[in-house]
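**Student:** Below is a structure I'd like to ask you about.
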Amino acid sequence: MRKRKRLPTVSVAYRNAGTAFAVAALAVCGPLSVTDAHALKIFGMRFFESDEEKVEVIDPVNYNLTLTEGSGDEDLKEALENSSRLFQDKDKPVSGDLGLVIKARDDRDRLLAALYEQARYGGTVDVRVNGQDIDTLPPDPVFPDGAPVPVEITVTPGPVFTLGSVVLKGDALGRRPEEYLKPGARADSTLIIKAGEKVVEDLKEEGRPLARLTERSAIADHKTNTVDVVIAAEGGPVAPVGTVTVTGTKTVDPAFVASYSRLNGGKPYSPENLRKASERLRQLGVFSSITIKEANELAPDGTIPMTIEVSEGKHRYFGAGAQYSTTDGFGIQGYWGHRNLFGRAESLRVEGSVNRIGETTDVGSLDYSAGLLFAKPGAFGPASTFNASLKAQLLDPDAYSATIFTGAAGATFELSDTDTISGGAELSWADIDDAFGSNEYLTAAIPIEYVRDTRDDKLNPTAGYRASISAKPSYEINGQAFFSSFEGSASTYLGLGAENRFVLAGKLGAGILAGGDGLASIPAHRRFYLGGGGTVRGYSYQEISPRNDDDEILGGRSYVNASVEARINITEKIGIVPFVDAGTVSAKTAPDFSDIRAGAGIGLRYATPFGPIRLDFAVPLNAYPDGTKYGIYAGIGQSF
């Protein structure tokens, strides 16, 4: 019988908490392709920059910039500073005296455009270089050497204009103008531009691929500080999708690209379908760029020909990561992959990891895992993916130690844009030492799962929900025992305030294990546990579980867990997240809620293009005796 290890009083946990923070850093760098190294830019800082990549400025001229804007409007000031290249590059020299003047003249246009974007149509921008108005400078100016050239930009913003009349003409006639622009609202030029684009977009959504703007005018009245807008559009004929041509492929089969895009000839034309096709192809991972274009005119048969322009990226990649936990010591991971094995975006990935380095000096007691994963998109039609895997694990969490080999194969089918279903077969052999002694298990299973996902962003959702239900009927061959696991979870998101700066998020999950001849007949890694960054924060991995009289972790037959978070954006990049997690694991098939464990804490989020970097600190509200006192969790993406 295996003796339970005592839990430490401090847990800095990464397991079950998404991707480790160190791995998150490497995700910025990779997946790494086998190519020459180039400069890497993270959070505005450049690393590994070679001399060849540094741009040499010919005849460098330094300058001192004074940008004056007297409105006191911080948003306007920020917009002007972001638009000014002289301001953004104020610590960099320009090439020659004429180069400085050209940049200053370009800045005047940029700043005027920024004023229009802020509905300031009566504003003026005065630019002086070396004390002289740029319009009076000679064609080939010469400024004194030795000291930076003074550049003074004075912006007089003028009043904020509002929208006056909004008139729609042509095929846009009959639509409600207030759906595009609301009279009395701020007359930002960007809103007027977007309104014209929206009119064309709406006409195209009616299946009119040749819809175009014929007029978009804005007339500012400086007496009333209003802007009158006229938008006219021509819809053109309704036309279905015609021939789909693929260009730019090298090793990827163009016929596969056309089929997988699902832009089938004869289907109604829709910009939304084009966006979905582009996203679908992007997720294959084999292309560095994807552009889908419709022809400028209809084909003789009345259809609209489509062209998918792609550029293939690097197909081979590799990467590595590391993390540290006071519970499990150091861990390292590595992987190699190929994204286009046979020319139809088949992916092969080889991965491995070693964990608990430093926690024990016994090499045989470390955690090891290795896996071989294969995926074939479009295996049973463009809405399907075939998956197969082989995995080997040597694991030693507090609940058990195990050697596990697993082979699995199955398929995923997209039923709609939001619904997927998957199923397959799995065979697993496990040699496990736990509270019930040493046992071997040979288990065949049929995993089935249905998922509905309406979230607006998979890594940082502000609206929608995700719900899943799964079943895994299993037969343990050695003990001739049937058992099945059933699990369900749902998470929902509600954005509040301007630009969803406050998001309420909640998650509820539950599971049961039915069948089997007692708990010992079910492999330990198939029983239920809670605790860690993915379930109840504040507790260590698998800490929440039924226990025997010797306080050994047994695993349970049922669980219920819930989480509530308030995601508050302090700035565009930084947010804080107070949260509460709770859960219970029962020895019975029906949860008895006799031992509910809860944790509470606060998290920090830093927004990046690949999702928020997450750092959570939590404490258990009713800790186990000699159990974890607090936990720190890191990863990429929100916790759920």
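Here's how to read the names in the structure tokens: chain A, B, ... by the order shown, residue numbers from 1 in each chain, ligand numbers from 1 in the order shown.
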Going by DSSP on the backbone, which bits of segment 57-116 of chain A are alpha helix (DSSP H)? Write them as a PyMOL selection string, please.
**Tutor:** chain A and resi 74-83+85-88+96-116
**Student:** Take the residues from that selection and write them out as a CSV table (one decimal), in the first residue's frame, keeping C-alpha atoms.
**Tutor:**
```
chain,number,residue,atom,x,y,z
A,74,GLU,CA,-6.3,63.7,-22.4
A,75,ASP,CA,-7.8,61.4,-25.0
A,76,LEU,CA,-7.2,64.0,-27.7
A,77,LYS,CA,-3.6,64.5,-26.5
A,78,GLU,CA,-3.0,60.8,-26.6
A,79,ALA,CA,-4.5,60.5,-30.2
A,80,LEU,CA,-2.3,63.4,-31.4
A,81,GLU,CA,0.9,61.9,-29.9
A,82,ASN,CA,0.1,58.5,-31.4
A,83,SER,CA,-0.4,60.0,-34.8
A,85,ARG,CA,5.7,60.3,-36.3
A,86,LEU,CA,8.0,63.1,-35.0
A,87,PHE,CA,6.7,62.4,-31.5
A,88,GLN,CA,6.9,58.6,-31.7
A,96,GLY,CA,19.1,64.9,-43.7
A,97,ASP,CA,17.6,68.3,-43.3
A,98,LEU,CA,15.1,67.7,-46.1
A,99,GLY,CA,14.1,64.4,-44.4
A,100,LEU,CA,13.2,66.4,-41.3
A,101,VAL,CA,11.0,68.8,-43.3
A,102,ILE,CA,9.3,65.9,-45.2
A,103,LYS,CA,8.5,64.2,-41.9
A,104,ALA,CA,7.2,67.5,-40.4
A,105,ARG,CA,4.9,68.0,-43.4
A,106,ASP,CA,3.6,64.5,-43.2
A,107,ASP,CA,3.0,65.0,-39.5
A,108,ARG,CA,0.7,68.0,-40.2
A,109,ASP,CA,-1.5,65.8,-42.4
A,110,ARG,CA,-1.5,63.1,-39.8
A,111,LEU,CA,-2.4,65.5,-37.0
A,112,LEU,CA,-5.2,67.0,-39.0
A,113,ALA,CA,-6.6,63.5,-39.7
A,114,ALA,CA,-6.3,62.8,-36.0
A,115,LEU,CA,-8.4,66.0,-35.3
A,116,TYR,CA,-11.1,64.8,-37.7
```
**Student:** What residues in segment 280-528 of chain A get the DSSP label strand (DSSP E)? Please answer as a ChimeraX atom specification.
**Tutor:** /A:287-294,304-312,316-325,329-338,347-357,367-377,384-395,401-414,419-434,437-445,448-453,463-476,481-496,502-515
**Student:** Would you save the residues of that selection, restricted to C-alpha atoms, as a short mmCIF file (atom, residue, chain, number, x, y, z; two decimals), in the first residue's frame?
**Tutor:**
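In the end it all went to part.cif:
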```cif
data_model
loop_
_atom_site.label_atom_id
_atom_site.label_comp_id
_atom_site.auth_asym_id
_atom_site.auth_seq_id
_atom_site.Cartn_x
_atom_site.Cartn_y
_atom_site.Cartn_z
CA PHE A 287 -0.33 29.37 -44.03
CA SER A 288 1.37 32.61 -43.02
CA SER A 289 -1.23 34.69 -44.88
CA ILE A 290 -4.69 34.11 -46.37
CA THR A 291 -6.68 36.50 -48.57
CA ILE A 292 -10.03 35.65 -50.17
CA LYS A 293 -11.15 37.88 -53.03
CA GLU A 294 -14.20 37.97 -55.21
CA ILE A 304 -19.12 35.32 -58.78
CA PRO A 305 -15.68 33.65 -59.12
CA MET A 306 -13.58 33.51 -55.92
CA THR A 307 -9.81 33.40 -55.47
CA ILE A 308 -8.08 32.17 -52.31
CA GLU A 309 -4.57 33.64 -52.17
CA VAL A 310 -2.30 31.94 -49.63
CA SER A 311 1.33 32.03 -48.60
CA GLU A 312 2.71 28.92 -46.94
CA ARG A 316 8.45 22.16 -39.34
CA TYR A 317 8.71 23.67 -35.88
CA PHE A 318 10.04 22.92 -32.42
CA GLY A 319 9.86 24.51 -29.01
CA ALA A 320 10.60 24.09 -25.32
CA GLY A 321 9.39 25.36 -21.97
CA ALA A 322 10.00 25.16 -18.25
CA GLN A 323 8.24 25.85 -14.97
CA TYR A 324 8.82 25.68 -11.22
CA SER A 325 6.55 24.62 -8.38
CA GLY A 329 10.02 21.16 -8.32
CA PHE A 330 11.27 22.05 -11.80
CA GLY A 331 9.68 20.82 -15.00
CA ILE A 332 10.85 20.99 -18.61
CA GLN A 333 8.97 20.28 -21.83
CA GLY A 334 9.92 20.00 -25.47
CA TYR A 335 8.16 19.30 -28.74
CA TRP A 336 8.76 18.94 -32.49
CA GLY A 337 6.09 19.06 -35.13
CA HIS A 338 5.23 19.03 -38.82
CA SER A 347 -0.07 17.43 -38.52
CA LEU A 348 2.36 15.29 -36.54
CA ARG A 349 3.66 16.35 -33.14
CA VAL A 350 6.19 14.61 -30.89
CA GLU A 351 6.32 15.90 -27.34
CA GLY A 352 7.88 15.02 -24.01
CA SER A 353 8.34 16.39 -20.51
CA VAL A 354 10.16 15.74 -17.25
CA ASN A 355 8.75 17.11 -13.99
CA ARG A 356 9.56 17.19 -10.26
CA ILE A 357 13.26 17.83 -10.91
CA ASP A 367 7.42 12.44 -13.64
CA TYR A 368 7.95 11.63 -17.32
CA SER A 369 5.61 11.84 -20.27
CA ALA A 370 5.98 11.37 -24.02
CA GLY A 371 3.45 11.53 -26.79
CA LEU A 372 2.95 11.15 -30.52
CA LEU A 373 -0.08 13.04 -31.89
CA PHE A 374 -1.48 12.95 -35.42
CA ALA A 375 -4.37 14.93 -36.92
CA LYS A 376 -5.85 14.86 -40.42
CA PRO A 377 -8.27 17.71 -41.23
CA SER A 384 -14.27 16.69 -39.85
CA THR A 385 -10.86 15.95 -38.34
CA PHE A 386 -9.34 12.54 -37.63
CA ASN A 387 -7.12 12.34 -34.52
CA ALA A 388 -4.82 9.60 -33.26
CA SER A 389 -2.32 9.51 -30.41
CA LEU A 390 0.11 7.32 -28.48
CA LYS A 391 1.13 8.44 -25.01
CA ALA A 392 3.37 7.10 -22.24
CA GLN A 393 3.48 8.47 -18.71
CA LEU A 394 5.33 7.86 -15.44
CA LEU A 395 3.40 9.85 -12.83
CA SER A 401 2.15 6.55 -8.64
CA ALA A 402 1.50 5.11 -12.08
CA THR A 403 2.96 3.88 -15.33
CA ILE A 404 0.41 4.47 -18.11
CA PHE A 405 0.41 3.71 -21.85
CA THR A 406 -2.54 4.97 -23.90
CA GLY A 407 -3.50 4.65 -27.55
CA ALA A 408 -6.48 6.53 -28.94
CA ALA A 409 -8.16 7.31 -32.26
CA GLY A 410 -11.28 9.24 -33.11
CA ALA A 411 -12.87 12.04 -35.08
CA THR A 412 -14.38 15.45 -34.48
CA PHE A 413 -17.27 16.78 -36.57
CA GLU A 414 -18.41 20.38 -36.80
CA ASP A 419 -21.55 22.94 -32.23
CA THR A 420 -19.08 20.05 -32.43
CA ILE A 421 -19.31 16.38 -31.58
CA SER A 422 -16.45 13.93 -31.19
CA GLY A 423 -16.09 10.22 -30.57
CA GLY A 424 -13.53 7.47 -30.78
CA ALA A 425 -11.87 4.52 -29.09
CA GLU A 426 -9.16 4.30 -26.46
CA LEU A 427 -7.07 1.50 -24.96
CA SER A 428 -5.03 2.11 -21.84
CA TRP A 429 -2.68 -0.04 -19.76
CA ALA A 430 -1.77 1.19 -16.29
CA ASP A 431 0.35 -0.13 -13.42
CA ILE A 432 -0.77 1.84 -10.35
CA ASP A 433 0.32 1.98 -6.71
CA ASP A 434 -2.21 3.79 -4.53
CA GLY A 437 -2.21 -1.37 -3.18
CA SER A 438 -0.50 -2.27 -6.48
CA ASN A 439 -2.77 -3.16 -9.39
CA GLU A 440 -2.61 -3.49 -13.16
CA TYR A 441 -5.46 -2.21 -15.33
CA LEU A 442 -6.19 -2.77 -19.02
CA THR A 443 -9.08 -0.51 -19.96
CA ALA A 444 -10.96 -0.06 -23.22
CA ALA A 445 -13.11 3.05 -23.54
CA ILE A 448 -17.94 10.81 -26.64
CA GLU A 449 -18.30 14.59 -26.27
CA TYR A 450 -20.64 17.34 -27.45
CA VAL A 451 -19.63 21.02 -27.21
CA ARG A 452 -21.52 24.22 -27.92
CA ASP A 453 -19.30 27.31 -27.93
CA ALA A 463 -19.83 37.48 -24.19
CA GLY A 464 -21.45 34.13 -24.93
CA TYR A 465 -21.09 30.77 -23.25
CA ARG A 466 -19.44 27.37 -23.59
CA ALA A 467 -21.23 24.17 -22.59
CA SER A 468 -20.08 20.57 -22.90
CA ILE A 469 -21.30 17.11 -21.97
CA SER A 470 -19.23 13.96 -22.25
CA ALA A 471 -19.49 10.26 -21.59
CA LYS A 472 -16.76 7.63 -21.45
CA PRO A 473 -18.13 4.07 -21.26
CA SER A 474 -15.26 1.80 -20.20
CA TYR A 475 -14.46 -1.86 -19.61
CA GLU A 476 -11.55 -2.85 -17.39
CA ALA A 481 -15.56 -4.48 -14.62
CA PHE A 482 -17.79 -2.08 -16.55
CA PHE A 483 -17.81 1.57 -15.49
CA SER A 484 -18.61 4.87 -17.13
CA SER A 485 -17.83 8.49 -16.42
CA PHE A 486 -20.23 11.31 -17.27
CA GLU A 487 -19.22 14.96 -17.06
CA GLY A 488 -20.77 18.29 -17.90
CA SER A 489 -19.65 21.90 -17.63
CA ALA A 490 -20.93 25.34 -18.57
CA SER A 491 -19.30 28.74 -18.44
CA THR A 492 -20.89 32.08 -19.26
CA TYR A 493 -19.65 35.65 -19.69
CA LEU A 494 -21.27 39.08 -19.41
CA GLY A 495 -19.43 42.22 -20.46
CA LEU A 496 -20.39 45.52 -18.83
CA PHE A 502 -15.84 44.82 -16.63
CA VAL A 503 -16.68 41.17 -17.31
CA LEU A 504 -18.56 38.83 -14.99
CA ALA A 505 -17.63 35.19 -15.60
CA GLY A 506 -19.03 32.05 -14.04
CA LYS A 507 -18.44 28.33 -14.44
CA LEU A 508 -20.22 25.22 -13.14
CA GLY A 509 -19.00 21.66 -13.60
CA ALA A 510 -20.06 18.21 -12.40
CA GLY A 511 -19.22 14.57 -12.99
CA ILE A 512 -20.11 11.07 -11.85
CA LEU A 513 -18.51 7.62 -12.11
CA ALA A 514 -21.02 4.79 -12.34
CA GLY A 515 -20.38 1.06 -12.23
#
```
**Student:** Separation of atom CA of Glu543 of chain A and atom CA of Leu615 of chain A, in Å?
**Tutor:**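 So the two atoms, atom CA of Glu543 of chain A and atom CA of Leu615 of chain A, lie 20.4 Å apart.
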**Student:** To one decimal place, how far is atom CA of Asp188 of chain A from atom CA of Asp89 of chain A in Å?
**Tutor:** 26.5 Å
**Student:** Would you please work out which residue, of A:Tyr633, A:Phe528, A:Phe161, A:Phe143, is nearest to Arg120 of chain A when using only C-alpha atoms?
**Tutor:**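 With only C-alpha atoms as the atom set, the closest residue is A:Phe161.
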